[in-house]
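Asker: Sharing a structure, written as structure tokens. Questions coming.
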Amino acid sequence: MPTYKSSSIKSKWRKTKWLLQQPQLRHYVPRTLLFTKTNLHMMLDDYKTVFFKPTDGSGGSNIIRIKRKTKGFQTQLNHTKNFYTTRKILLSKLSKHAGKRSYLLQKGIKLAKTKGRPFDIRVMVQKTNKGEWVSTGLFAKIGRQGKVATNYNQGGSIGYFKPTMRGAGYSTPDIQEREAQLKQLGVEVGYAFEDHNRGFRELGLDVAIDSKGRPWILEVNTRPQFYPLKNMSNRKLYRRMVDIGKQYGRSK
């Protein structure tokens, strides 16, 4: 088997800028700014919910949700909630939490829910040996009640795309249309990223579906994990991803 070979970029800010440079993709990106005092004030002025995310984070860790309340701001990290009465105090706490680590501020998207639980969609795209980007599968990351992130290692669960969408109230024709849209979006991101680095062989888009059905690219993972799929009753999707991944040395 060949050695695993696919480029990886940790900086969420760098990858976000790549998306924003593409006219056909930028409207899928929620407003995202680097964390600074000025940018925090701007985001809090414009949105009721803002996410505070490490630019080099993974697995949904260290993400803080900030909610603007009538008399202050509520933050939540994992299950822990705190309340701050002023922006000055909030800024101080966030700065202390960040330390020397770079963070992003992102507009909060109200996720659609399936059977009462929030979810987003992972769109897996892989490059074949023929040089073509292919969306090899969609699956849902269903959040655990009370958690900020939907990630598997944050207590979330993995779901099949179509049943998850049905649980959110979508009809079969709507699900088919959404599936085609997300797969095309994945392919477009693959080719867009390739303009910046030709070493990518796989990408994982985390796409939120808001309460009105609009898709938003929350981030693009350049070392996406899909191992939880092997624990599902139907392993067809997992096997397909692994089969293509073997072309560039991925085994699981």
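By order of appearance in the structure tokens: chains A, B, ..., then residues from 1 within every chain, and ligands from 1 in the order shown.
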For the contact check between region 125-196 of chain A and region 232-240 of chain A, emit one row per residue of region 125-196 of chain A within 12 Å, containing the shortest atom pair and the distance in Å rounded to one decimal, counting only C-alpha atoms, chain then rising number order, as a Markdown table.

Answerer:
```
| residue | atom | partner | partner_atom | distance |
| --- | --- | --- | --- | --- |
| A:Val125 | CA | A:Arg240 | CA | 11.5 |
| A:Gln126 | CA | A:Arg240 | CA | 10.6 |
| A:Val134 | CA | A:Arg240 | CA | 11.4 |
| A:Ser135 | CA | A:Arg240 | CA | 10.8 |
| A:Thr136 | CA | A:Arg240 | CA | 7.1 |
| A:Gly137 | CA | A:Leu237 | CA | 6.4 |
| A:Leu138 | CA | A:Leu237 | CA | 8.5 |
| A:Phe139 | CA | A:Leu237 | CA | 9.0 |
| A:Ser157 | CA | A:Met232 | CA | 10.6 |
| A:Ile158 | CA | A:Met232 | CA | 8.3 |
| A:Gly159 | CA | A:Met232 | CA | 8.6 |
| A:Tyr160 | CA | A:Met232 | CA | 9.0 |
| A:Phe161 | CA | A:Leu237 | CA | 10.9 |
```

Asker: With C-alpha atoms retained, could you export that selection as a PDB file, in the first residue's frame?

Answerer:
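File produced: result-v1.pdb:
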```pdb
ATOM      1  CA  VAL A 125     -14.837  14.473  -1.372  1.00  0.00           C
ATOM      2  CA  GLN A 126     -11.906  12.486  -2.704  1.00  0.00           C
ATOM      3  CA  VAL A 134     -15.784  12.967  -6.495  1.00  0.00           C
ATOM      4  CA  SER A 135     -18.218  13.367  -3.615  1.00  0.00           C
ATOM      5  CA  THR A 136     -18.008   9.871  -2.192  1.00  0.00           C
ATOM      6  CA  GLY A 137     -20.596  10.224   0.517  1.00  0.00           C
ATOM      7  CA  LEU A 138     -22.720  12.294   2.841  1.00  0.00           C
ATOM      8  CA  PHE A 139     -23.459  11.542   6.458  1.00  0.00           C
ATOM      9  CA  SER A 157     -23.619  10.471  16.899  1.00  0.00           C
ATOM     10  CA  ILE A 158     -23.361   9.576  13.225  1.00  0.00           C
ATOM     11  CA  GLY A 159     -26.469   9.216  11.092  1.00  0.00           C
ATOM     12  CA  TYR A 160     -27.351   8.272   7.553  1.00  0.00           C
ATOM     13  CA  PHE A 161     -28.086  11.324   5.414  1.00  0.00           C
TER      14      PHE A 161
END
```

Asker: Tell me, counting only C-alpha atoms, for each residue of region 65-123 of chain A within 6 Å of region 18-40 of chain A, which pair of atoms is nearest and how far apart they are in Å to one decimal, in rows ordered by chain and increasing number, as CSV.

Answerer:
```
residue,atom,partner,partner_atom,distance
A:Tyr103,CA,A:Phe35,CA,5.4
A:Leu104,CA,A:Leu34,CA,4.5
A:Leu105,CA,A:Leu33,CA,5.2
A:Gln106,CA,A:Thr32,CA,4.4
A:Lys107,CA,A:Arg31,CA,5.4
```

Asker: For region 170-182 of chain A, work out the shell of residues within 12 Å, counting only C-alpha atoms and skipping chain neighbours fewer than 4 positions away, then give it as a PDB file with N, CA and C atoms, in the first residue's frame.

Answerer:
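part13.pdb, freshly written:
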```pdb
ATOM      1  N   LEU A  25     -18.632  30.254  -4.324  1.00  0.00           N
ATOM      2  CA  LEU A  25     -18.617  29.609  -3.010  1.00  0.00           C
ATOM      3  C   LEU A  25     -18.814  30.573  -1.849  1.00  0.00           C
ATOM      4  N   TYR A  28     -21.799  30.758   0.514  1.00  0.00           N
ATOM      5  CA  TYR A  28     -22.066  29.620   1.403  1.00  0.00           C
ATOM      6  C   TYR A  28     -21.330  29.750   2.740  1.00  0.00           C
ATOM      7  N   ALA A 112     -30.610  23.078  11.676  1.00  0.00           N
ATOM      8  CA  ALA A 112     -31.833  22.290  11.582  1.00  0.00           C
ATOM      9  C   ALA A 112     -31.759  21.149  12.592  1.00  0.00           C
ATOM     10  N   LYS A 113     -32.897  20.609  12.948  1.00  0.00           N
ATOM     11  CA  LYS A 113     -32.943  19.524  13.929  1.00  0.00           C
ATOM     12  C   LYS A 113     -33.629  18.303  13.348  1.00  0.00           C
ATOM     13  N   THR A 114     -33.113  17.150  13.714  1.00  0.00           N
ATOM     14  CA  THR A 114     -33.738  15.901  13.345  1.00  0.00           C
ATOM     15  C   THR A 114     -34.214  15.220  14.620  1.00  0.00           C
ATOM     16  N   LYS A 115     -35.498  15.040  14.720  1.00  0.00           N
ATOM     17  CA  LYS A 115     -36.106  14.464  15.927  1.00  0.00           C
ATOM     18  C   LYS A 115     -35.639  15.211  17.180  1.00  0.00           C
ATOM     19  N   ASP A 120     -25.398  18.680  11.556  1.00  0.00           N
ATOM     20  CA  ASP A 120     -24.828  19.213  10.324  1.00  0.00           C
ATOM     21  C   ASP A 120     -24.399  18.027   9.467  1.00  0.00           C
ATOM     22  N   ILE A 121     -23.973  18.333   8.247  1.00  0.00           N
ATOM     23  CA  ILE A 121     -23.677  17.296   7.272  1.00  0.00           C
ATOM     24  C   ILE A 121     -22.192  17.291   6.944  1.00  0.00           C
ATOM     25  N   ARG A 122     -21.582  16.114   6.931  1.00  0.00           N
ATOM     26  CA  ARG A 122     -20.222  15.953   6.444  1.00  0.00           C
ATOM     27  C   ARG A 122     -20.315  15.510   4.972  1.00  0.00           C
ATOM     28  N   VAL A 123     -19.707  16.314   4.109  1.00  0.00           N
ATOM     29  CA  VAL A 123     -19.605  15.979   2.690  1.00  0.00           C
ATOM     30  C   VAL A 123     -18.171  15.541   2.439  1.00  0.00           C
ATOM     31  N   MET A 124     -17.990  14.267   2.126  1.00  0.00           N
ATOM     32  CA  MET A 124     -16.654  13.715   1.881  1.00  0.00           C
ATOM     33  C   MET A 124     -16.356  13.764   0.395  1.00  0.00           C
ATOM     34  N   VAL A 125     -15.253  14.424   0.024  1.00  0.00           N
ATOM     35  CA  VAL A 125     -14.837  14.473  -1.372  1.00  0.00           C
ATOM     36  C   VAL A 125     -13.420  13.931  -1.485  1.00  0.00           C
ATOM     37  N   VAL A 134     -14.503  13.664  -6.576  1.00  0.00           N
ATOM     38  CA  VAL A 134     -15.784  12.967  -6.495  1.00  0.00           C
ATOM     39  C   VAL A 134     -16.306  13.072  -5.061  1.00  0.00           C
ATOM     40  N   SER A 135     -17.584  13.411  -4.940  1.00  0.00           N
ATOM     41  CA  SER A 135     -18.218  13.367  -3.615  1.00  0.00           C
ATOM     42  C   SER A 135     -18.587  11.919  -3.330  1.00  0.00           C
ATOM     43  N   THR A 136     -17.850  11.305  -2.429  1.00  0.00           N
ATOM     44  CA  THR A 136     -18.008   9.871  -2.192  1.00  0.00           C
ATOM     45  C   THR A 136     -19.052   9.543  -1.134  1.00  0.00           C
ATOM     46  N   GLY A 137     -19.554  10.531  -0.450  1.00  0.00           N
ATOM     47  CA  GLY A 137     -20.596  10.224   0.517  1.00  0.00           C
ATOM     48  C   GLY A 137     -20.985  11.394   1.396  1.00  0.00           C
ATOM     49  N   LEU A 138     -22.197  11.329   1.879  1.00  0.00           N
ATOM     50  CA  LEU A 138     -22.720  12.294   2.841  1.00  0.00           C
ATOM     51  C   LEU A 138     -23.168  11.528   4.085  1.00  0.00           C
ATOM     52  N   PHE A 139     -22.878  12.092   5.239  1.00  0.00           N
ATOM     53  CA  PHE A 139     -23.459  11.542   6.458  1.00  0.00           C
ATOM     54  C   PHE A 139     -23.692  12.678   7.441  1.00  0.00           C
ATOM     55  N   ALA A 140     -24.526  12.431   8.410  1.00  0.00           N
ATOM     56  CA  ALA A 140     -24.910  13.467   9.364  1.00  0.00           C
ATOM     57  C   ALA A 140     -24.148  13.319  10.668  1.00  0.00           C
ATOM     58  N   TYR A 160     -27.230   8.306   9.005  1.00  0.00           N
ATOM     59  CA  TYR A 160     -27.351   8.272   7.553  1.00  0.00           C
ATOM     60  C   TYR A 160     -28.017   9.567   7.082  1.00  0.00           C
ATOM     61  N   PHE A 161     -27.615  10.030   5.910  1.00  0.00           N
ATOM     62  CA  PHE A 161     -28.086  11.324   5.414  1.00  0.00           C
ATOM     63  C   PHE A 161     -29.607  11.353   5.230  1.00  0.00           C
ATOM     64  N   LYS A 162     -30.144  10.402   4.491  1.00  0.00           N
ATOM     65  CA  LYS A 162     -31.560  10.474   4.146  1.00  0.00           C
ATOM     66  C   LYS A 162     -32.491  10.335   5.352  1.00  0.00           C
ATOM     67  N   PRO A 163     -32.276   9.356   6.250  1.00  0.00           N
ATOM     68  CA  PRO A 163     -33.137   9.290   7.436  1.00  0.00           C
ATOM     69  C   PRO A 163     -33.041  10.540   8.313  1.00  0.00           C
ATOM     70  N   THR A 164     -31.821  11.103   8.392  1.00  0.00           N
ATOM     71  CA  THR A 164     -31.659  12.326   9.188  1.00  0.00           C
ATOM     72  C   THR A 164     -32.475  13.463   8.599  1.00  0.00           C
ATOM     73  N   MET A 165     -32.437  13.605   7.289  1.00  0.00           N
ATOM     74  CA  MET A 165     -33.196  14.670   6.632  1.00  0.00           C
ATOM     75  C   MET A 165     -34.703  14.426   6.748  1.00  0.00           C
ATOM     76  N   ARG A 166     -35.116  13.162   6.666  1.00  0.00           N
ATOM     77  CA  ARG A 166     -36.540  12.867   6.866  1.00  0.00           C
ATOM     78  C   ARG A 166     -36.973  13.245   8.274  1.00  0.00           C
ATOM     79  N   GLY A 186     -19.345  19.952  -2.809  1.00  0.00           N
ATOM     80  CA  GLY A 186     -18.099  19.298  -2.419  1.00  0.00           C
ATOM     81  C   GLY A 186     -17.094  19.265  -3.555  1.00  0.00           C
ATOM     82  N   VAL A 187     -17.550  18.926  -4.743  1.00  0.00           N
ATOM     83  CA  VAL A 187     -16.668  18.875  -5.910  1.00  0.00           C
ATOM     84  C   VAL A 187     -16.102  20.261  -6.217  1.00  0.00           C
ATOM     85  N   GLU A 188     -16.939  21.288  -6.138  1.00  0.00           N
ATOM     86  CA  GLU A 188     -16.475  22.654  -6.410  1.00  0.00           C
ATOM     87  C   GLU A 188     -15.408  23.080  -5.411  1.00  0.00           C
ATOM     88  N   VAL A 189     -15.584  22.709  -4.151  1.00  0.00           N
ATOM     89  CA  VAL A 189     -14.575  23.040  -3.137  1.00  0.00           C
ATOM     90  C   VAL A 189     -13.274  22.291  -3.415  1.00  0.00           C
ATOM     91  N   GLY A 204     -13.109  17.129   3.751  1.00  0.00           N
ATOM     92  CA  GLY A 204     -14.395  16.887   4.403  1.00  0.00           C
ATOM     93  C   GLY A 204     -15.053  18.211   4.730  1.00  0.00           C
ATOM     94  N   LEU A 205     -16.149  18.509   4.061  1.00  0.00           N
ATOM     95  CA  LEU A 205     -16.869  19.755   4.324  1.00  0.00           C
ATOM     96  C   LEU A 205     -17.852  19.533   5.467  1.00  0.00           C
ATOM     97  N   ASP A 206     -17.842  20.427   6.442  1.00  0.00           N
ATOM     98  CA  ASP A 206     -18.881  20.439   7.459  1.00  0.00           C
ATOM     99  C   ASP A 206     -19.894  21.496   7.045  1.00  0.00           C
ATOM    100  N   VAL A 207     -21.083  21.048   6.693  1.00  0.00           N
ATOM    101  CA  VAL A 207     -22.106  21.933   6.145  1.00  0.00           C
ATOM    102  C   VAL A 207     -23.314  21.965   7.071  1.00  0.00           C
ATOM    103  N   ALA A 208     -23.660  23.152   7.518  1.00  0.00           N
ATOM    104  CA  ALA A 208     -24.856  23.331   8.332  1.00  0.00           C
ATOM    105  C   ALA A 208     -26.048  23.580   7.414  1.00  0.00           C
ATOM    106  N   ILE A 209     -27.169  23.008   7.775  1.00  0.00           N
ATOM    107  CA  ILE A 209     -28.436  23.332   7.127  1.00  0.00           C
ATOM    108  C   ILE A 209     -29.216  24.164   8.129  1.00  0.00           C
ATOM    109  N   SER A 211     -32.406  26.587   9.682  1.00  0.00           N
ATOM    110  CA  SER A 211     -33.819  26.273   9.886  1.00  0.00           C
ATOM    111  C   SER A 211     -34.668  26.588   8.657  1.00  0.00           C
ATOM    112  N   LYS A 212     -34.114  27.353   7.700  1.00  0.00           N
ATOM    113  CA  LYS A 212     -34.821  27.662   6.451  1.00  0.00           C
ATOM    114  C   LYS A 212     -34.358  26.786   5.290  1.00  0.00           C
ATOM    115  N   GLY A 213     -33.452  25.841   5.582  1.00  0.00           N
ATOM    116  CA  GLY A 213     -32.992  24.932   4.553  1.00  0.00           C
ATOM    117  C   GLY A 213     -31.784  25.392   3.773  1.00  0.00           C
ATOM    118  N   ARG A 214     -31.179  26.511   4.152  1.00  0.00           N
ATOM    119  CA  ARG A 214     -30.025  27.029   3.421  1.00  0.00           C
ATOM    120  C   ARG A 214     -28.741  26.369   3.914  1.00  0.00           C
ATOM    121  N   PRO A 215     -27.877  25.913   3.000  1.00  0.00           N
ATOM    122  CA  PRO A 215     -26.607  25.303   3.416  1.00  0.00           C
ATOM    123  C   PRO A 215     -25.521  26.345   3.675  1.00  0.00           C
ATOM    124  N   TRP A 216     -24.707  26.071   4.685  1.00  0.00           N
ATOM    125  CA  TRP A 216     -23.577  26.941   5.040  1.00  0.00           C
ATOM    126  C   TRP A 216     -22.340  26.076   5.278  1.00  0.00           C
ATOM    127  N   ILE A 217     -21.226  26.442   4.666  1.00  0.00           N
ATOM    128  CA  ILE A 217     -19.981  25.722   4.915  1.00  0.00           C
ATOM    129  C   ILE A 217     -19.358  26.256   6.197  1.00  0.00           C
TER     130      ILE A 217
END
```

Asker: Taking only C-alpha atoms into account, name the residue in A:Arg201, A:His97, A:Lys48, A:His79 that is nearest to Ile66 (chain A).

Answerer: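 Residue with the minimum atom-to-atom distance to Ile66 (chain A): A:Lys48.
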
Asker: Considering only alpha helix (DSSP H) as DSSP defines it on the backbone, what residues of region 50-191 of chain A qualify? List them as number ranges by chain.

Answerer: A: 87-98, 161-167, 172-191

Asker: Once you have the residues from the selection above, write them out as a compact mmCIF listing (two decimals), in the first residue's frame, restricted to N, CA, C and O atoms.

Answerer:
```
# COMPACT_ATOMS: atom_id res chain seq x y z
N ARG A 87 -19.23 43.87 27.63
CA ARG A 87 -18.34 43.41 26.56
C ARG A 87 -16.88 43.42 27.02
O ARG A 87 -16.09 42.58 26.60
N LYS A 88 -16.55 44.35 27.88
CA LYS A 88 -15.18 44.46 28.37
C LYS A 88 -14.78 43.20 29.13
O LYS A 88 -13.68 42.66 28.93
N ILE A 89 -15.68 42.74 30.00
CA ILE A 89 -15.39 41.54 30.77
C ILE A 89 -15.34 40.32 29.85
O ILE A 89 -14.46 39.45 29.97
N LEU A 90 -16.30 40.26 28.90
CA LEU A 90 -16.31 39.15 27.94
C LEU A 90 -15.01 39.11 27.14
O LEU A 90 -14.40 38.04 26.99
N LEU A 91 -14.57 40.26 26.64
CA LEU A 91 -13.33 40.32 25.88
C LEU A 91 -12.15 39.83 26.71
O LEU A 91 -11.30 39.07 26.21
N SER A 92 -12.11 40.25 27.97
CA SER A 92 -11.02 39.83 28.85
C SER A 92 -11.01 38.31 29.03
O SER A 92 -9.95 37.67 28.97
N LYS A 93 -12.19 37.72 29.24
CA LYS A 93 -12.27 36.27 29.44
C LYS A 93 -11.88 35.51 28.17
O LYS A 93 -11.18 34.50 28.23
N LEU A 94 -12.34 35.98 27.02
CA LEU A 94 -12.00 35.31 25.76
C LEU A 94 -10.51 35.42 25.47
O LEU A 94 -9.89 34.46 25.00
N SER A 95 -9.95 36.59 25.72
CA SER A 95 -8.52 36.79 25.48
C SER A 95 -7.68 35.88 26.37
O SER A 95 -6.67 35.31 25.94
N LYS A 96 -8.11 35.74 27.62
CA LYS A 96 -7.41 34.87 28.55
C LYS A 96 -7.51 33.41 28.10
O LYS A 96 -6.53 32.65 28.16
N HIS A 97 -8.68 33.03 27.62
CA HIS A 97 -8.88 31.66 27.13
C HIS A 97 -8.00 31.39 25.92
O HIS A 97 -7.40 30.31 25.80
N ALA A 98 -7.90 32.36 25.03
CA ALA A 98 -7.11 32.19 23.80
C ALA A 98 -5.62 32.14 24.08
O ALA A 98 -4.89 31.37 23.45
N PHE A 161 -27.62 10.03 5.91
CA PHE A 161 -28.09 11.32 5.41
C PHE A 161 -29.61 11.35 5.23
O PHE A 161 -30.28 12.24 5.77
N LYS A 162 -30.14 10.40 4.49
CA LYS A 162 -31.56 10.47 4.15
C LYS A 162 -32.49 10.33 5.35
O LYS A 162 -33.43 11.13 5.51
N PRO A 163 -32.28 9.36 6.25
CA PRO A 163 -33.14 9.29 7.44
C PRO A 163 -33.04 10.54 8.31
O PRO A 163 -34.04 10.97 8.90
N THR A 164 -31.82 11.10 8.39
CA THR A 164 -31.66 12.33 9.19
C THR A 164 -32.47 13.46 8.60
O THR A 164 -33.16 14.20 9.32
N MET A 165 -32.44 13.61 7.29
CA MET A 165 -33.20 14.67 6.63
C MET A 165 -34.70 14.43 6.75
O MET A 165 -35.47 15.37 6.92
N ARG A 166 -35.12 13.16 6.67
CA ARG A 166 -36.54 12.87 6.87
C ARG A 166 -36.97 13.24 8.27
O ARG A 166 -38.07 13.77 8.49
N GLY A 167 -36.08 12.99 9.25
CA GLY A 167 -36.38 13.36 10.63
C GLY A 167 -36.47 14.85 10.84
O GLY A 167 -37.03 15.32 11.84
N THR A 172 -39.00 13.31 0.21
CA THR A 172 -38.04 12.56 -0.62
C THR A 172 -37.50 13.40 -1.77
O THR A 172 -36.28 13.42 -2.00
N PRO A 173 -38.35 14.12 -2.53
CA PRO A 173 -37.80 14.97 -3.61
C PRO A 173 -36.86 16.05 -3.08
O PRO A 173 -35.82 16.34 -3.70
N ASP A 174 -37.19 16.65 -1.95
CA ASP A 174 -36.34 17.68 -1.35
C ASP A 174 -34.99 17.09 -0.93
O ASP A 174 -33.94 17.72 -1.10
N ILE A 175 -35.01 15.89 -0.38
CA ILE A 175 -33.77 15.24 0.06
C ILE A 175 -32.88 14.94 -1.15
O ILE A 175 -31.67 15.17 -1.11
N GLN A 176 -33.48 14.46 -2.23
CA GLN A 176 -32.71 14.16 -3.44
C GLN A 176 -32.09 15.43 -4.02
O GLN A 176 -30.92 15.42 -4.44
N GLU A 177 -32.84 16.51 -4.01
CA GLU A 177 -32.32 17.79 -4.51
C GLU A 177 -31.18 18.30 -3.63
O GLU A 177 -30.15 18.77 -4.12
N ARG A 178 -31.35 18.18 -2.33
CA ARG A 178 -30.32 18.63 -1.39
C ARG A 178 -29.07 17.78 -1.51
O ARG A 178 -27.95 18.29 -1.47
N GLU A 179 -29.24 16.47 -1.69
CA GLU A 179 -28.10 15.57 -1.85
C GLU A 179 -27.27 15.96 -3.07
O GLU A 179 -26.04 16.04 -3.00
N ALA A 180 -27.94 16.22 -4.18
CA ALA A 180 -27.24 16.60 -5.41
C ALA A 180 -26.53 17.94 -5.22
O ALA A 180 -25.38 18.11 -5.68
N GLN A 181 -27.17 18.88 -4.54
CA GLN A 181 -26.57 20.19 -4.30
C GLN A 181 -25.31 20.08 -3.46
O GLN A 181 -24.27 20.68 -3.77
N LEU A 182 -25.36 19.29 -2.40
CA LEU A 182 -24.22 19.16 -1.50
C LEU A 182 -23.06 18.41 -2.16
O LEU A 182 -21.89 18.77 -1.96
N LYS A 183 -23.37 17.42 -2.96
CA LYS A 183 -22.32 16.69 -3.67
C LYS A 183 -21.62 17.61 -4.67
O LYS A 183 -20.38 17.58 -4.81
N GLN A 184 -22.39 18.42 -5.38
CA GLN A 184 -21.80 19.37 -6.32
C GLN A 184 -20.96 20.40 -5.59
O GLN A 184 -19.87 20.78 -6.05
N LEU A 185 -21.43 20.84 -4.43
CA LEU A 185 -20.69 21.80 -3.62
C LEU A 185 -19.35 21.22 -3.21
O LEU A 185 -18.30 21.90 -3.26
N GLY A 186 -19.35 19.95 -2.81
CA GLY A 186 -18.10 19.30 -2.42
C GLY A 186 -17.09 19.27 -3.55
O GLY A 186 -15.90 19.54 -3.35
N VAL A 187 -17.55 18.93 -4.74
CA VAL A 187 -16.67 18.87 -5.91
C VAL A 187 -16.10 20.26 -6.22
O VAL A 187 -14.91 20.41 -6.51
N GLU A 188 -16.94 21.29 -6.14
CA GLU A 188 -16.48 22.65 -6.41
C GLU A 188 -15.41 23.08 -5.41
O GLU A 188 -14.42 23.74 -5.79
N VAL A 189 -15.58 22.71 -4.15
CA VAL A 189 -14.57 23.04 -3.14
C VAL A 189 -13.27 22.29 -3.41
O VAL A 189 -12.18 22.84 -3.27
N GLY A 190 -13.38 21.04 -3.85
CA GLY A 190 -12.18 20.27 -4.18
C GLY A 190 -11.34 20.96 -5.24
O GLY A 190 -10.12 21.14 -5.07
N TYR A 191 -11.97 21.37 -6.32
CA TYR A 191 -11.24 22.04 -7.39
C TYR A 191 -10.74 23.42 -6.97
O TYR A 191 -9.65 23.85 -7.37
```

Asker: Could you please write out, as a PyMOL selection string, every residue of region 50-155 of chain A that DSSP assigns to strand (DSSP E)?

Answerer: chain A and resi 50-54+64-69+72-77+80-84+103-107+113-114+117-127+133-142

Asker: Write the selection just made, keeping C-alpha atoms, as an mmCIF file, in the first residue's frame?

Answerer:
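Writing done, so here's result_7.cif:
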```
data_model
loop_
_atom_site.group_PDB
_atom_site.id
_atom_site.type_symbol
_atom_site.label_atom_id
_atom_site.label_comp_id
_atom_site.auth_asym_id
_atom_site.auth_seq_id
_atom_site.Cartn_x
_atom_site.Cartn_y
_atom_site.Cartn_z
ATOM 1 C CA VAL A 50 -21.269 34.085 17.602
ATOM 2 C CA PHE A 51 -18.867 31.145 17.741
ATOM 3 C CA PHE A 52 -15.329 31.567 19.043
ATOM 4 C CA LYS A 53 -13.150 28.894 17.412
ATOM 5 C CA PRO A 54 -9.403 28.146 17.468
ATOM 6 C CA ILE A 64 -17.181 28.676 22.744
ATOM 7 C CA ARG A 65 -20.683 29.766 21.815
ATOM 8 C CA ILE A 66 -21.501 33.377 22.706
ATOM 9 C CA LYS A 67 -25.145 34.414 22.958
ATOM 10 C CA ARG A 68 -26.200 38.035 23.294
ATOM 11 C CA LYS A 69 -28.736 38.431 26.080
ATOM 12 C CA GLY A 72 -25.131 40.729 28.946
ATOM 13 C CA PHE A 73 -23.597 37.734 27.228
ATOM 14 C CA GLN A 74 -23.828 34.024 27.896
ATOM 15 C CA THR A 75 -20.930 31.777 26.898
ATOM 16 C CA GLN A 76 -20.874 28.011 26.708
ATOM 17 C CA LEU A 77 -17.820 25.742 26.482
ATOM 18 C CA THR A 80 -20.184 24.933 31.149
ATOM 19 C CA LYS A 81 -22.120 28.194 30.875
ATOM 20 C CA ASN A 82 -21.026 31.599 32.152
ATOM 21 C CA PHE A 83 -22.601 35.043 32.046
ATOM 22 C CA TYR A 84 -20.819 38.373 31.594
ATOM 23 C CA TYR A 103 -9.045 32.323 17.229
ATOM 24 C CA LEU A 104 -11.859 33.046 14.784
ATOM 25 C CA LEU A 105 -15.266 34.614 15.270
ATOM 26 C CA GLN A 106 -18.037 33.089 13.165
ATOM 27 C CA LYS A 107 -21.669 34.013 12.761
ATOM 28 C CA LYS A 113 -32.943 19.524 13.929
ATOM 29 C CA THR A 114 -33.738 15.901 13.345
ATOM 30 C CA ARG A 117 -31.433 17.137 17.891
ATOM 31 C CA PRO A 118 -29.273 19.629 15.949
ATOM 32 C CA PHE A 119 -27.192 18.264 13.101
ATOM 33 C CA ASP A 120 -24.828 19.213 10.324
ATOM 34 C CA ILE A 121 -23.677 17.296 7.272
ATOM 35 C CA ARG A 122 -20.222 15.953 6.444
ATOM 36 C CA VAL A 123 -19.605 15.979 2.690
ATOM 37 C CA MET A 124 -16.654 13.715 1.881
ATOM 38 C CA VAL A 125 -14.837 14.473 -1.372
ATOM 39 C CA GLN A 126 -11.906 12.486 -2.704
ATOM 40 C CA LYS A 127 -9.659 12.764 -5.736
ATOM 41 C CA TRP A 133 -12.836 15.138 -7.546
ATOM 42 C CA VAL A 134 -15.784 12.967 -6.495
ATOM 43 C CA SER A 135 -18.218 13.367 -3.615
ATOM 44 C CA THR A 136 -18.008 9.871 -2.192
ATOM 45 C CA GLY A 137 -20.596 10.224 0.517
ATOM 46 C CA LEU A 138 -22.720 12.294 2.841
ATOM 47 C CA PHE A 139 -23.459 11.542 6.458
ATOM 48 C CA ALA A 140 -24.910 13.467 9.364
ATOM 49 C CA LYS A 141 -23.230 14.489 12.601
ATOM 50 C CA ILE A 142 -26.038 14.672 15.131
#
```

Asker: Would you mind reading off the distance between CA of Gln225 (chain A) and CA of Arg144 (chain A), one decimal, in Å?

Answerer: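 Rounded to one decimal, the two atoms are 18.7 Å apart.
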
Asker: Calculated over only C-alpha atoms, which of the candidates A:Asn78, A:Thr128, A:Asn231, A:Ser251 has the smallest distance to Gly60 (chain A)?

Answerer: A:Asn78

Asker: Within 7 Å of region 197-200 of chain A, counting only C-alpha atoms, which residues qualify if same-chain residues fewer than 4 places away don't, as a list in words?

Answerer: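 The residues that qualify are Ser6, Ser7 and Phe193 of chain A.
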
Asker: If you keep C-alpha atoms, can you produce a file of those selected residues as an mmCIF file, in the first residue's frame?

Answerer:
```cif
data_model
loop_
_atom_site.group_PDB
_atom_site.id
_atom_site.type_symbol
_atom_site.label_atom_id
_atom_site.label_comp_id
_atom_site.auth_asym_id
_atom_site.auth_seq_id
_atom_site.Cartn_x
_atom_site.Cartn_y
_atom_site.Cartn_z
ATOM 1 C CA SER A 6 -2.679 14.118 0.943
ATOM 2 C CA SER A 7 -1.882 17.705 1.896
ATOM 3 C CA PHE A 193 -8.662 24.118 -3.013
#
```

Asker: Between CA of Gly169 (chain A) and CA of Asp46 (chain A), what distance in Å does the model show, to one decimal?

Answerer: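 Interatomic distance here is 29.6 Å.
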
Asker: Work out how far CA of Gly156 (chain A) is from CA of Glu202 (chain A), in Å to one decimal.

Answerer: 22.9 Å
